[in-house]
Amino acid sequence: MLPSLHLNSTLNCTTLNYSSTLLPLRGSRRRTRRDVANESLVPAAHPARRYPSLSASLAPAREEEERKEGALLPPPLRPETLPRHVAVIMDGNSRWAKARGLPSSAGHEAGYRTLKKMVELSCQWGIRALTVFAFSSENWTRPKVGSGFASPYLEVAANVCLVLYREGIRVCIIGDSSELSQSLQKLAKEVVDKTKNNTQIDLIVAISYSGRKEITQACQNIARKVKDGLLEPEDITESHIEEELETNCIPEFPNPDLLIRTSGELRLSNFLLWQSAYTELFFTNTYWPDFGEAEYVEALTSFQNRQRRFGQRIN
Amino acid sequence: MEKHDRKPESNIFASVWRFLRRCLFLVLSLGPMPNHIAFIMDGNRRYAKRRNAEEGSGHGVGFTTLTSICQYCYEMGVKYVTVYAFSIDNFKRKPEEVQSLMDLMKEKIDELLEEESIVQKYGFRINFWGSLDLLSEPVRLVAEKAMTHTANNTGPVLSVCMAYTSTNEIMRAIKKSCARKSSRPQGYVNCDGESVCADINSYVTVADVEENLDTADCPDPDIVIRTSGETRLSNFLLWQTSLSHLQNPSPLWPEFSLRNLIWAILEYQKIYPYLEARRRLTKKEN
């Protein structure tokens with residue numbers, strides 16, 4: 001198993017633990033010292049450093065200053081070895097909620113707060129692209145899932161995206177959005193259009209996405225070119241396929257450098273199959289709503305310490 | 001450790017050890033057993049370096065490990081074993097290293113075809129997956145010979161990925177799909193005489209791509225094990241490992257022993273119920 005780096009309160013950064021803001025686990029018992037330590041905020045070595053929340057976007061000038069100042073990375077991280085493109089499989093919302101005796105919707109809401117935080121941190125630390133796996137095409141077959149389930153979930157996401165456009169985030173949506181309701185599709189299109197000129201960070205949201213279907217769709221596009229006589233079958237190369245993939249909306253870094261999957265699952269589940277050929281994988285047992293700044297720093301530090309060879313030798 | 005005792009022995013210790021293994025595997029098989037295990041055999045060079053040995057010697061020991069692991073998998077009832085032997089990216093290494101690896105592969109494939117090898121003993125069927133035309137002539141010929149000689153074997157299947165990357169495999173599958181589709185006469189239904197009148201989405205499907213992959217007649221791996229602790233797939237079976245359980249034990253490939261293999265299977269058995277539920281959902285969706 002991947003040896004986890006146990007980064008704890010010795011880090012010089014503020015850790016926001018979302019579990020401290022919500023109900024305790026089901027079957028309350030007397031809180032032990034460990035519970036208190038886990039739940040309370042870790043005291044920051046630099047209490048003056050605050051990360052701007054979304055409400056701060058109403059005061060853009062102040063936020064710009066803070067952003068320049070907040071671009072300082074936590075000590076273990078070095079800017080030259082940060083990944084340029086990070087992908088995340090946001091797994092574990094339902095299990096997190098179940099452990100607390102809450103409905104799944106509470107888990108997804110907590111998950112969105114975590115996502116918001118992660119996008120903010122990524123912006124500040126200079127990560128250029130973030131891809132998140134919001135909803136797989138397989139999730140439609142889960143029991144009690146239908147557009148009724150997906151709507152509030154995805155509407156929150158879309159509204160978050162609309163607000164985020166002020167943050168300079170360019171949003172792209174990949175996957176088969178034809179399964180969504182008309183209003184959601186319209187909302188998604190609006191988000192993409194409104195944010196297309198932003199340059200701070202690229203956020204790809206994968207909704208109803210399947211890696212195999214994406215590759216097959218690329219194949220269909222190529223087959224159409226072959227049919228139209230624009231391309232011979234024997235001239236097809238990997239670049240032709242890469243150009244047709246949906247992640248080409250970020251032409252500079254279509255392939256993630258680091259892929260994080262939360263909740264302890266050790267597989268890719270049809271996410272970015274082609275693009276993750278050389279991606280460093282990071283698995284953590286933490287559920288997604290609990291994936292805070294400390295865990296993100298742990299993942300990035302793990303990435304920093306890896307030696308990427310791409311099949312060659314490094315002497 | 002058992003990895004040093006590779007050749008079949010007739011003495012009493014080997015028999016006792018074989019008996020103990022059989023008991024162990026019997027207990028293990030009380031839980032769900034994987035049908036297909038894939039290995040990324042990483043760490044051969046580091047193994048040689050750590051022991052201050054000659055550079056290519058790690059790969060030799062690695063081959064011995066491979067034969068042991070194949071034997072254990074056979075005894076456990078694992079029907080398919082796939083190994084990542086040589087990637088297309090590895091051609092970018094120094095020419096001397098590439099040449100020595102090619103020579104080693106030819107030598108070992110020849111060994112596998114000998115009478116006393118595990119291939120003949122257990123009736124392994126061997127596949128070579130990859131762009132074999134990129135290999136040097138002697139290696140390609142011996143690989144094709146191994147495939148033909150073992151084609152009718154009914155035992156477990158050993159698939160060796162040589163001159164292989166998953167993106168290259170998918171590209172070749174797409175080429176074949178497009179070539180096949182474009183060579184068929186265009187018999188569209190409800191065509192009113194226009195040149196394009198069928199739904200283009202039915203032109204190529206997920207199944208079309210899958211049946212043209214090298215792995216078409218092999219089930220997807222249940223477990224993917226990458227030794228030496230690295231956590232990446234390095235362009236190995238990207239399409240097929242979507243629902244596979246990924247493991248990255250720290251031992252280097254030549255150090256990978258029966259103990260590590262059993263641990264890998266126990267880890268798989270622990271999460272099997274959840275994995276199986278996810279697979280059923282995926283099948284329903286497709």
# chains A, B, ... in the order shown; residues from 1 in each chain; ligands from 1

call {"tool": "residues_around", "arguments": {"residues": "Gly43 in chain B", "least_positions_apart": "6", "cutoff": "8 Å", "atoms": "only C-alpha atoms", "output": "PyMOL selection string"}}
result
chain B and resi 227-228+252-254

call {"tool": "closest_atom_pairs", "arguments": {"of": "chain A", "to": "chain B", "cutoff": "7 Å", "atoms": "only C-alpha atoms", "output": "CSV"}}
result
residue,atom,partner,partner_atom,distance
A:Met1,CA,B:Asn248,CA,5.4
A:Leu2,CA,B:Asn248,CA,6.5
A:Glu138,CA,B:Thr282,CA,5.8
A:Thr141,CA,B:Glu285,CA,6.3
A:Arg212,CA,B:Trp239,CA,6.8
A:Lys213,CA,B:Val206,CA,6.6
A:Thr216,CA,B:Val206,CA,5.7
A:Cys219,CA,B:Ile174,CA,6.1
A:Gln220,CA,B:Val204,CA,5.6
A:Ala223,CA,B:Cys178,CA,5.5
A:Lys227,CA,B:Ser182,CA,6.5
A:Pro233,CA,B:Lys175,CA,5.3
A:Glu234,CA,B:Lys175,CA,6.5
A:Ile236,CA,B:Lys175,CA,6.4
A:Thr237,CA,B:Met171,CA,6.6
A:Glu238,CA,B:Met171,CA,6.0
A:Leu266,CA,B:Leu246,CA,5.4
A:Arg267,CA,B:His245,CA,5.5
A:Leu268,CA,B:Ser242,CA,5.3
A:Ser269,CA,B:Ser242,CA,4.8
A:Asn270,CA,B:Ser242,CA,4.8
A:Leu273,CA,B:Leu238,CA,5.5
A:Trp274,CA,B:Leu238,CA,6.5
A:Ala277,CA,B:Asn235,CA,4.2
A:Tyr278,CA,B:Ser234,CA,4.8
A:Thr279,CA,B:Arg232,CA,6.0
A:Glu280,CA,B:Arg232,CA,5.0
A:Leu281,CA,B:Thr231,CA,5.3
A:Phe310,CA,B:Ser234,CA,6.9
A:Gly311,CA,B:Asp89,CA,5.0
A:Gln312,CA,B:Arg93,CA,5.5
A:Arg313,CA,B:Arg93,CA,6.3

call {"tool": "closest_residue", "arguments": {"among": "B:Leu135, B:Met41, B:Ala143, B:Cys161", "to": "Ile109 in chain B", "atoms": "only C-alpha atoms"}}
result
B:Ala143

call {"tool": "residues_around", "arguments": {"residues": "Glu107 in chain B", "least_positions_apart": "4", "cutoff": "12 Å", "atoms": "only C-alpha atoms", "output": "count of residues only"}}
result
14

call {"tool": "residues_around", "arguments": {"residues": "range 27-32 of chain B", "least_positions_apart": "2", "cutoff": "8 Å", "atoms": "only C-alpha atoms", "output": "PyMOL selection string"}}
result
chain B and resi 23-25+34+76+266+269+272

call {"tool": "write_last_selection", "arguments": {"atoms": "all heavy atoms", "output": "mmCIF file, in the first residue's frame"}}
result
data_model
loop_
_atom_site.group_PDB
_atom_site.id
_atom_site.type_symbol
_atom_site.label_atom_id
_atom_site.label_comp_id
_atom_site.auth_asym_id
_atom_site.auth_seq_id
_atom_site.Cartn_x
_atom_site.Cartn_y
_atom_site.Cartn_z
ATOM 1 N N CYS B 23 -2.107 -26.755 1.127
ATOM 2 C CA CYS B 23 -3.014 -26.507 2.268
ATOM 3 C C CYS B 23 -3.303 -25.016 2.370
ATOM 4 O O CYS B 23 -4.451 -24.594 2.573
ATOM 5 C CB CYS B 23 -2.384 -26.971 3.585
ATOM 6 S SG CYS B 23 -2.102 -28.731 3.627
ATOM 7 N N LEU B 24 -2.256 -24.215 2.211
ATOM 8 C CA LEU B 24 -2.403 -22.769 2.321
ATOM 9 C C LEU B 24 -3.361 -22.253 1.256
ATOM 10 O O LEU B 24 -4.255 -21.441 1.529
ATOM 11 C CB LEU B 24 -1.019 -22.127 2.158
ATOM 12 C CG LEU B 24 -0.884 -20.626 2.302
ATOM 13 C CD1 LEU B 24 -1.317 -20.185 3.682
ATOM 14 C CD2 LEU B 24 0.565 -20.209 2.077
ATOM 15 N N PHE B 25 -3.193 -22.734 0.029
ATOM 16 C CA PHE B 25 -4.041 -22.247 -1.067
ATOM 17 C C PHE B 25 -5.478 -22.728 -0.887
ATOM 18 O O PHE B 25 -6.411 -22.054 -1.304
ATOM 19 C CB PHE B 25 -3.493 -22.705 -2.421
ATOM 20 C CG PHE B 25 -2.151 -22.122 -2.752
ATOM 21 C CD1 PHE B 25 -1.280 -22.773 -3.608
ATOM 22 C CD2 PHE B 25 -1.748 -20.906 -2.211
ATOM 23 C CE1 PHE B 25 -0.035 -22.232 -3.918
ATOM 24 C CE2 PHE B 25 -0.513 -20.360 -2.502
ATOM 25 C CZ PHE B 25 0.346 -21.032 -3.363
ATOM 26 N N PRO B 34 -9.131 -14.175 -7.302
ATOM 27 C CA PRO B 34 -9.119 -13.418 -8.561
ATOM 28 C C PRO B 34 -8.946 -14.360 -9.740
ATOM 29 O O PRO B 34 -8.290 -15.396 -9.621
ATOM 30 C CB PRO B 34 -7.895 -12.513 -8.400
ATOM 31 C CG PRO B 34 -7.025 -13.198 -7.412
ATOM 32 C CD PRO B 34 -7.911 -13.986 -6.509
ATOM 33 N N MET B 76 -2.892 -21.890 -7.336
ATOM 34 C CA MET B 76 -4.021 -21.253 -6.647
ATOM 35 C C MET B 76 -5.279 -21.243 -7.502
ATOM 36 O O MET B 76 -6.340 -20.905 -7.021
ATOM 37 C CB MET B 76 -3.660 -19.798 -6.318
ATOM 38 C CG MET B 76 -2.783 -19.667 -5.110
ATOM 39 S SD MET B 76 -2.727 -17.966 -4.551
ATOM 40 C CE MET B 76 -1.427 -17.343 -5.554
ATOM 41 N N LEU B 266 -5.285 -11.476 -0.177
ATOM 42 C CA LEU B 266 -6.090 -11.199 1.025
ATOM 43 C C LEU B 266 -6.675 -9.791 0.960
ATOM 44 O O LEU B 266 -7.830 -9.563 1.324
ATOM 45 C CB LEU B 266 -5.239 -11.375 2.284
ATOM 46 C CG LEU B 266 -4.887 -12.822 2.637
ATOM 47 C CD1 LEU B 266 -3.884 -12.858 3.790
ATOM 48 C CD2 LEU B 266 -6.129 -13.615 3.015
ATOM 49 N N GLN B 269 -9.552 -9.883 -1.326
ATOM 50 C CA GLN B 269 -10.714 -10.570 -0.752
ATOM 51 C C GLN B 269 -11.458 -9.666 0.231
ATOM 52 O O GLN B 269 -12.663 -9.734 0.364
ATOM 53 C CB GLN B 269 -10.274 -11.858 -0.048
ATOM 54 C CG GLN B 269 -9.853 -12.944 -1.020
ATOM 55 C CD GLN B 269 -9.455 -14.241 -0.336
ATOM 56 O OE1 GLN B 269 -9.126 -14.257 0.850
ATOM 57 N NE2 GLN B 269 -9.465 -15.324 -1.078
ATOM 58 N N TYR B 272 -13.626 -7.357 -1.868
ATOM 59 C CA TYR B 272 -14.314 -8.013 -2.978
ATOM 60 C C TYR B 272 -15.818 -7.724 -3.035
ATOM 61 O O TYR B 272 -16.344 -7.436 -4.102
ATOM 62 C CB TYR B 272 -14.060 -9.522 -2.939
ATOM 63 C CG TYR B 272 -14.806 -10.274 -4.012
ATOM 64 C CD1 TYR B 272 -14.316 -10.309 -5.307
ATOM 65 C CD2 TYR B 272 -16.016 -10.915 -3.738
ATOM 66 C CE1 TYR B 272 -15.001 -10.972 -6.309
ATOM 67 C CE2 TYR B 272 -16.701 -11.573 -4.743
ATOM 68 C CZ TYR B 272 -16.196 -11.605 -6.022
ATOM 69 O OH TYR B 272 -16.878 -12.257 -7.006
#

call {"tool": "select_by_dssp", "arguments": {"residues": "range 73-286 of chain B", "states": "strand (DSSP E or B)", "output": "PyMOL selection string"}}
result
chain B and resi 80-87+125-129+157-164+223-226+245-247

call {"tool": "atom_distance", "arguments": {"atom1": "CA of Asn255 in chain A", "atom2": "CA of Ala206 in chain A"}}
result
14.1 Å

call {"tool": "select_by_dssp", "arguments": {"residues": "range 13-232 of chain B", "states": "alpha helix (DSSP H)", "output": "number ranges by chain"}}
result
B: 13-28, 44-50, 57-76, 95-112, 118-122, 137-150, 166-183, 206-211

call {"tool": "residues_around", "arguments": {"residues": "Ile173 in chain A", "least_positions_apart": "3", "cutoff": "12 Å", "atoms": "only C-alpha atoms", "output": "short mmCIF file (atom, residue, chain, number, x, y, z; two decimals) with all heavy atoms, in the first residue's frame"}}
result
data_model
loop_
_atom_site.label_atom_id
_atom_site.label_comp_id
_atom_site.auth_asym_id
_atom_site.auth_seq_id
_atom_site.Cartn_x
_atom_site.Cartn_y
_atom_site.Cartn_z
N LEU A 130 -7.53 21.87 -12.78
CA LEU A 130 -8.11 20.94 -11.80
C LEU A 130 -9.27 20.23 -12.48
O LEU A 130 -10.16 20.88 -13.03
CB LEU A 130 -8.59 21.76 -10.60
CG LEU A 130 -9.05 21.06 -9.34
CD1 LEU A 130 -7.93 20.25 -8.74
CD2 LEU A 130 -9.52 22.09 -8.33
N THR A 131 -9.24 18.91 -12.45
CA THR A 131 -10.35 18.15 -13.02
C THR A 131 -11.02 17.39 -11.90
O THR A 131 -10.35 16.72 -11.12
CB THR A 131 -9.83 17.14 -14.08
OG1 THR A 131 -9.12 17.86 -15.08
CG2 THR A 131 -10.97 16.38 -14.72
N VAL A 132 -12.34 17.48 -11.82
CA VAL A 132 -13.03 16.79 -10.74
C VAL A 132 -14.08 15.85 -11.32
O VAL A 132 -14.77 16.17 -12.29
CB VAL A 132 -13.69 17.79 -9.76
CG1 VAL A 132 -12.62 18.58 -9.05
CG2 VAL A 132 -14.67 18.71 -10.43
N PHE A 133 -14.18 14.69 -10.71
CA PHE A 133 -15.12 13.67 -11.15
C PHE A 133 -16.37 13.85 -10.30
O PHE A 133 -16.44 13.36 -9.18
CB PHE A 133 -14.50 12.30 -10.91
CG PHE A 133 -15.09 11.19 -11.75
CD1 PHE A 133 -16.02 11.44 -12.74
CD2 PHE A 133 -14.69 9.88 -11.54
CE1 PHE A 133 -16.54 10.42 -13.52
CE2 PHE A 133 -15.21 8.84 -12.32
CZ PHE A 133 -16.12 9.12 -13.31
N ALA A 134 -17.35 14.56 -10.87
CA ALA A 134 -18.53 14.89 -10.08
C ALA A 134 -19.54 13.76 -10.11
O ALA A 134 -20.18 13.43 -9.13
CB ALA A 134 -19.15 16.18 -10.59
N PHE A 135 -19.71 13.18 -11.26
CA PHE A 135 -20.82 12.26 -11.43
C PHE A 135 -20.49 11.34 -12.56
O PHE A 135 -20.27 11.77 -13.68
CB PHE A 135 -22.07 13.10 -11.75
CG PHE A 135 -23.37 12.42 -11.48
CD1 PHE A 135 -23.79 12.19 -10.17
CD2 PHE A 135 -24.20 12.01 -12.50
CE1 PHE A 135 -25.00 11.58 -9.91
CE2 PHE A 135 -25.41 11.40 -12.25
CZ PHE A 135 -25.82 11.19 -10.96
N ALA A 157 -23.82 22.82 -7.68
CA ALA A 157 -22.54 22.87 -8.38
C ALA A 157 -22.54 23.99 -9.40
O ALA A 157 -21.60 24.78 -9.50
CB ALA A 157 -22.27 21.53 -9.06
N ALA A 158 -23.61 24.06 -10.18
CA ALA A 158 -23.67 25.06 -11.24
C ALA A 158 -23.67 26.46 -10.63
O ALA A 158 -23.01 27.37 -11.15
CB ALA A 158 -24.90 24.83 -12.10
N CYS A 161 -20.32 27.36 -9.55
CA CYS A 161 -19.49 27.71 -10.69
C CYS A 161 -19.76 29.14 -11.15
O CYS A 161 -18.84 29.88 -11.48
CB CYS A 161 -19.76 26.76 -11.87
SG CYS A 161 -19.12 25.11 -11.56
N ARG A 170 -11.87 29.31 -15.25
CA ARG A 170 -12.50 28.92 -16.50
C ARG A 170 -13.06 27.51 -16.32
O ARG A 170 -12.32 26.60 -15.96
CB ARG A 170 -11.48 28.95 -17.64
CG ARG A 170 -12.09 28.58 -18.99
CD ARG A 170 -11.11 28.91 -20.11
NE ARG A 170 -10.10 27.87 -20.23
CZ ARG A 170 -10.10 26.94 -21.20
NH1 ARG A 170 -11.05 26.91 -22.09
NH2 ARG A 170 -9.13 26.04 -21.24
N ASP A 176 -21.30 13.20 -20.75
CA ASP A 176 -22.51 13.18 -21.55
C ASP A 176 -23.62 13.91 -20.80
O ASP A 176 -24.34 13.31 -20.00
CB ASP A 176 -22.90 11.72 -21.81
CG ASP A 176 -24.14 11.60 -22.67
OD1 ASP A 176 -24.54 12.62 -23.27
OD2 ASP A 176 -24.71 10.50 -22.72
N SER A 177 -23.74 15.22 -21.04
CA SER A 177 -24.72 15.97 -20.25
C SER A 177 -26.13 15.83 -20.80
O SER A 177 -27.06 16.45 -20.31
CB SER A 177 -24.32 17.44 -20.19
OG SER A 177 -23.93 17.89 -21.45
N GLN A 185 -28.79 21.58 -18.18
CA GLN A 185 -27.92 21.67 -19.36
C GLN A 185 -27.72 23.13 -19.73
O GLN A 185 -26.62 23.55 -20.10
CB GLN A 185 -28.56 20.93 -20.54
CG GLN A 185 -28.52 19.41 -20.42
CD GLN A 185 -29.01 18.72 -21.66
OE1 GLN A 185 -28.64 19.10 -22.78
NE2 GLN A 185 -29.84 17.71 -21.51
N LEU A 187 -27.96 25.70 -17.73
CA LEU A 187 -27.13 26.30 -16.69
C LEU A 187 -25.66 25.99 -16.93
O LEU A 187 -24.78 26.85 -16.85
CB LEU A 187 -27.57 25.74 -15.33
CG LEU A 187 -27.23 26.51 -14.06
CD1 LEU A 187 -27.74 27.92 -14.15
CD2 LEU A 187 -27.85 25.80 -12.87
N ALA A 188 -25.41 24.74 -17.30
CA ALA A 188 -24.03 24.31 -17.55
C ALA A 188 -23.44 25.10 -18.71
O ALA A 188 -22.30 25.59 -18.66
CB ALA A 188 -23.99 22.81 -17.85
N LYS A 189 -24.22 25.23 -19.76
CA LYS A 189 -23.74 25.96 -20.94
C LYS A 189 -23.46 27.43 -20.56
O LYS A 189 -22.47 28.02 -21.01
CB LYS A 189 -24.80 25.89 -22.03
CG LYS A 189 -24.28 26.24 -23.40
CD LYS A 189 -25.21 25.80 -24.51
CE LYS A 189 -24.63 26.25 -25.85
NZ LYS A 189 -24.30 27.67 -25.93
N GLU A 190 -24.35 27.98 -19.74
CA GLU A 190 -24.18 29.38 -19.32
C GLU A 190 -22.87 29.56 -18.55
O GLU A 190 -22.12 30.51 -18.76
CB GLU A 190 -25.36 29.74 -18.42
CG GLU A 190 -25.59 31.23 -18.24
CD GLU A 190 -26.69 31.48 -17.21
OE1 GLU A 190 -27.71 30.75 -17.26
OE2 GLU A 190 -26.51 32.37 -16.37
N VAL A 191 -22.60 28.60 -17.65
CA VAL A 191 -21.37 28.67 -16.85
C VAL A 191 -20.15 28.63 -17.75
O VAL A 191 -19.22 29.42 -17.60
CB VAL A 191 -21.34 27.49 -15.85
CG1 VAL A 191 -19.96 27.29 -15.27
CG2 VAL A 191 -22.34 27.70 -14.74
N VAL A 192 -20.17 27.72 -18.71
CA VAL A 192 -19.01 27.58 -19.60
C VAL A 192 -18.82 28.86 -20.42
O VAL A 192 -17.70 29.36 -20.56
CB VAL A 192 -19.20 26.35 -20.52
CG1 VAL A 192 -18.12 26.29 -21.58
CG2 VAL A 192 -19.18 25.07 -19.70
N ASP A 193 -19.93 29.40 -20.93
CA ASP A 193 -19.82 30.62 -21.76
C ASP A 193 -19.31 31.81 -20.95
O ASP A 193 -18.45 32.55 -21.41
CB ASP A 193 -21.19 30.99 -22.34
CG ASP A 193 -21.55 30.06 -23.49
OD1 ASP A 193 -20.61 29.48 -24.08
OD2 ASP A 193 -22.75 29.89 -23.78
N THR A 195 -17.50 31.90 -18.34
CA THR A 195 -16.15 31.83 -17.77
C THR A 195 -15.09 31.58 -18.81
O THR A 195 -13.92 31.41 -18.47
CB THR A 195 -16.09 30.71 -16.71
OG1 THR A 195 -16.40 29.47 -17.34
CG2 THR A 195 -17.04 30.97 -15.56
N LYS A 196 -15.43 31.55 -20.09
CA LYS A 196 -14.45 31.08 -21.07
C LYS A 196 -13.24 31.99 -21.23
O LYS A 196 -12.21 31.57 -21.75
CB LYS A 196 -15.11 30.80 -22.41
CG LYS A 196 -15.67 31.98 -23.13
CD LYS A 196 -16.13 31.52 -24.51
CE LYS A 196 -16.62 32.69 -25.32
NZ LYS A 196 -18.06 32.80 -25.41
N ASP A 202 -8.01 26.55 -14.74
CA ASP A 202 -9.00 25.82 -15.52
C ASP A 202 -9.62 24.73 -14.65
O ASP A 202 -8.90 23.92 -14.07
CB ASP A 202 -8.33 25.15 -16.74
CG ASP A 202 -7.82 26.18 -17.73
OD1 ASP A 202 -8.59 27.09 -18.07
OD2 ASP A 202 -6.66 26.07 -18.15
N LEU A 203 -10.94 24.73 -14.58
CA LEU A 203 -11.63 23.72 -13.78
C LEU A 203 -12.47 22.87 -14.73
O LEU A 203 -13.38 23.37 -15.37
CB LEU A 203 -12.51 24.40 -12.73
CG LEU A 203 -13.43 23.48 -11.91
CD1 LEU A 203 -12.60 22.56 -11.02
CD2 LEU A 203 -14.39 24.30 -11.05
N ILE A 204 -12.11 21.59 -14.83
CA ILE A 204 -12.92 20.68 -15.66
C ILE A 204 -13.81 19.88 -14.73
O ILE A 204 -13.33 19.23 -13.80
CB ILE A 204 -12.02 19.71 -16.45
CG1 ILE A 204 -11.06 20.46 -17.35
CG2 ILE A 204 -12.87 18.79 -17.30
CD1 ILE A 204 -10.19 19.54 -18.18
N VAL A 205 -15.10 19.92 -15.01
CA VAL A 205 -16.04 19.16 -14.20
C VAL A 205 -16.55 18.00 -15.06
O VAL A 205 -17.10 18.21 -16.13
CB VAL A 205 -17.22 20.05 -13.75
CG1 VAL A 205 -18.13 19.27 -12.83
CG2 VAL A 205 -16.70 21.29 -13.05
N ALA A 206 -16.33 16.80 -14.58
CA ALA A 206 -16.75 15.62 -15.34
C ALA A 206 -18.11 15.18 -14.82
O ALA A 206 -18.23 14.74 -13.67
CB ALA A 206 -15.73 14.50 -15.18
N ILE A 207 -19.13 15.34 -15.66
CA ILE A 207 -20.48 14.97 -15.26
C ILE A 207 -20.97 13.88 -16.20
O ILE A 207 -20.90 14.03 -17.41
CB ILE A 207 -21.42 16.21 -15.33
CG1 ILE A 207 -20.95 17.25 -14.33
CG2 ILE A 207 -22.85 15.81 -15.04
CD1 ILE A 207 -21.78 18.51 -14.35
N SER A 208 -21.48 12.80 -15.63
CA SER A 208 -21.98 11.67 -16.42
C SER A 208 -20.89 11.25 -17.41
O SER A 208 -21.12 11.09 -18.60
CB SER A 208 -23.26 12.09 -17.17
OG SER A 208 -23.98 10.97 -17.60
N TYR A 209 -19.70 11.08 -16.87
CA TYR A 209 -18.51 10.86 -17.67
C TYR A 209 -18.06 9.40 -17.61
O TYR A 209 -18.12 8.75 -16.58
CB TYR A 209 -17.38 11.77 -17.15
CG TYR A 209 -16.04 11.51 -17.78
CD1 TYR A 209 -15.66 12.15 -18.95
CD2 TYR A 209 -15.14 10.61 -17.21
CE1 TYR A 209 -14.42 11.91 -19.53
CE2 TYR A 209 -13.91 10.36 -17.79
CZ TYR A 209 -13.56 11.01 -18.94
OH TYR A 209 -12.33 10.77 -19.51
N GLU A 246 -12.06 14.98 -24.86
CA GLU A 246 -12.71 16.18 -24.32
C GLU A 246 -11.78 17.03 -23.47
O GLU A 246 -11.97 18.23 -23.31
CB GLU A 246 -13.92 15.76 -23.49
CG GLU A 246 -15.03 15.18 -24.34
CD GLU A 246 -16.25 14.83 -23.52
OE1 GLU A 246 -17.11 15.70 -23.35
OE2 GLU A 246 -16.31 13.69 -23.04
N THR A 247 -10.74 16.40 -22.90
CA THR A 247 -9.84 17.18 -22.06
C THR A 247 -8.95 18.09 -22.88
O THR A 247 -8.14 18.83 -22.35
CB THR A 247 -8.93 16.25 -21.23
OG1 THR A 247 -8.46 15.21 -22.08
CG2 THR A 247 -9.70 15.66 -20.07
N ASN A 248 -9.11 18.05 -24.19
CA ASN A 248 -8.36 18.96 -25.05
C ASN A 248 -8.84 20.39 -24.90
O ASN A 248 -8.28 21.29 -25.53
CB ASN A 248 -8.47 18.51 -26.50
CG ASN A 248 -7.20 18.78 -27.25
OD1 ASN A 248 -6.12 18.72 -26.69
ND2 ASN A 248 -7.31 19.14 -28.52
N CYS A 249 -9.86 20.61 -24.05
CA CYS A 249 -10.27 21.99 -23.77
C CYS A 249 -9.16 22.72 -23.02
O CYS A 249 -9.15 23.94 -22.91
CB CYS A 249 -11.58 22.03 -23.00
SG CYS A 249 -11.57 21.09 -21.48
N ILE A 250 -8.22 21.94 -22.44
CA ILE A 250 -7.01 22.56 -21.89
C ILE A 250 -5.86 22.04 -22.75
O ILE A 250 -5.21 21.06 -22.38
CB ILE A 250 -6.74 22.17 -20.43
CG1 ILE A 250 -8.01 22.22 -19.61
CG2 ILE A 250 -5.69 23.06 -19.82
CD1 ILE A 250 -7.77 21.76 -18.19
#

call {"tool": "atom_distance", "arguments": {"atom1": "CA of Leu82 in chain A", "atom2": "CA of Gly211 in chain A"}}
result
25.3 Å

call {"tool": "atom_distance", "arguments": {"atom1": "CA of Thr215 in chain B", "atom2": "CA of Met162 in chain B"}}
result
13.2 Å

call {"tool": "closest_residue", "arguments": {"among": "A:Glu214, A:Glu243, A:Glu293, A:Asp257", "to": "Phe271 in chain A", "atoms": "only C-alpha atoms"}}
result
A:Glu214

call {"tool": "residues_around", "arguments": {"residues": "Gly111 in chain A", "least_positions_apart": "3", "cutoff": "7 Å", "atoms": "only C-alpha atoms", "output": "PDB file with C-alpha atoms, in the first residue's frame"}}
result
ATOM      1  CA  ASN A  93     -19.732  11.791   0.487  1.00  0.00           C
ATOM      2  CA  GLY A 107     -22.638  14.644   2.528  1.00  0.00           C
ATOM      3  CA  HIS A 108     -22.776  16.154  -0.934  1.00  0.00           C
ATOM      4  CA  THR A 114     -14.495  20.948   0.263  1.00  0.00           C
ATOM      5  CA  LEU A 115     -14.389  21.374  -3.507  1.00  0.00           C
ATOM      6  CA  TRP A 288     -13.990  13.631   0.496  1.00  0.00           C
ATOM      7  CA  PRO A 289     -15.794  16.063   2.870  1.00  0.00           C
TER       8      PRO A 289
END

call {"tool": "residues_around", "arguments": {"residues": "Phe282 in chain A", "least_positions_apart": "6", "cutoff": "9 Å", "atoms": "only C-alpha atoms", "output": "compact mmCIF listing (two decimals) with N, CA and C atoms, in the first residue's frame"}}
result
# COMPACT_ATOMS: atom_id res chain seq x y z
N LEU A 2 0.32 2.29 -0.48
CA LEU A 2 1.08 3.53 -0.50
C LEU A 2 1.34 3.95 0.93
N LEU A 258 -1.21 14.55 -11.32
CA LEU A 258 -1.53 13.88 -10.05
C LEU A 258 -3.01 13.58 -10.02
N LEU A 259 -3.37 12.38 -9.63
CA LEU A 259 -4.77 12.01 -9.47
C LEU A 259 -4.99 11.58 -8.03
N ILE A 260 -5.95 12.24 -7.37
CA ILE A 260 -6.23 11.95 -5.96
C ILE A 260 -7.57 11.25 -5.89
N ARG A 261 -7.62 10.15 -5.19
CA ARG A 261 -8.91 9.49 -4.94
C ARG A 261 -9.08 9.33 -3.44
N THR A 262 -10.19 9.81 -2.93
CA THR A 262 -10.45 9.76 -1.49
C THR A 262 -11.28 8.53 -1.13
N ALA A 299 -0.89 15.21 -0.18
CA ALA A 299 -0.90 14.64 -1.53
C ALA A 299 0.14 15.32 -2.41
N SER A 302 3.62 14.24 -1.44
CA SER A 302 3.88 12.89 -1.95
C SER A 302 4.25 12.97 -3.43
N PHE A 303 3.54 13.82 -4.18
CA PHE A 303 3.84 13.98 -5.61
C PHE A 303 5.25 14.52 -5.80
N THR B 231 3.31 4.42 -7.59
CA THR B 231 1.85 4.43 -7.74
C THR B 231 1.46 5.09 -9.05
N ARG B 232 1.67 4.42 -10.13
CA ARG B 232 1.19 4.88 -11.43
C ARG B 232 1.08 3.67 -12.35
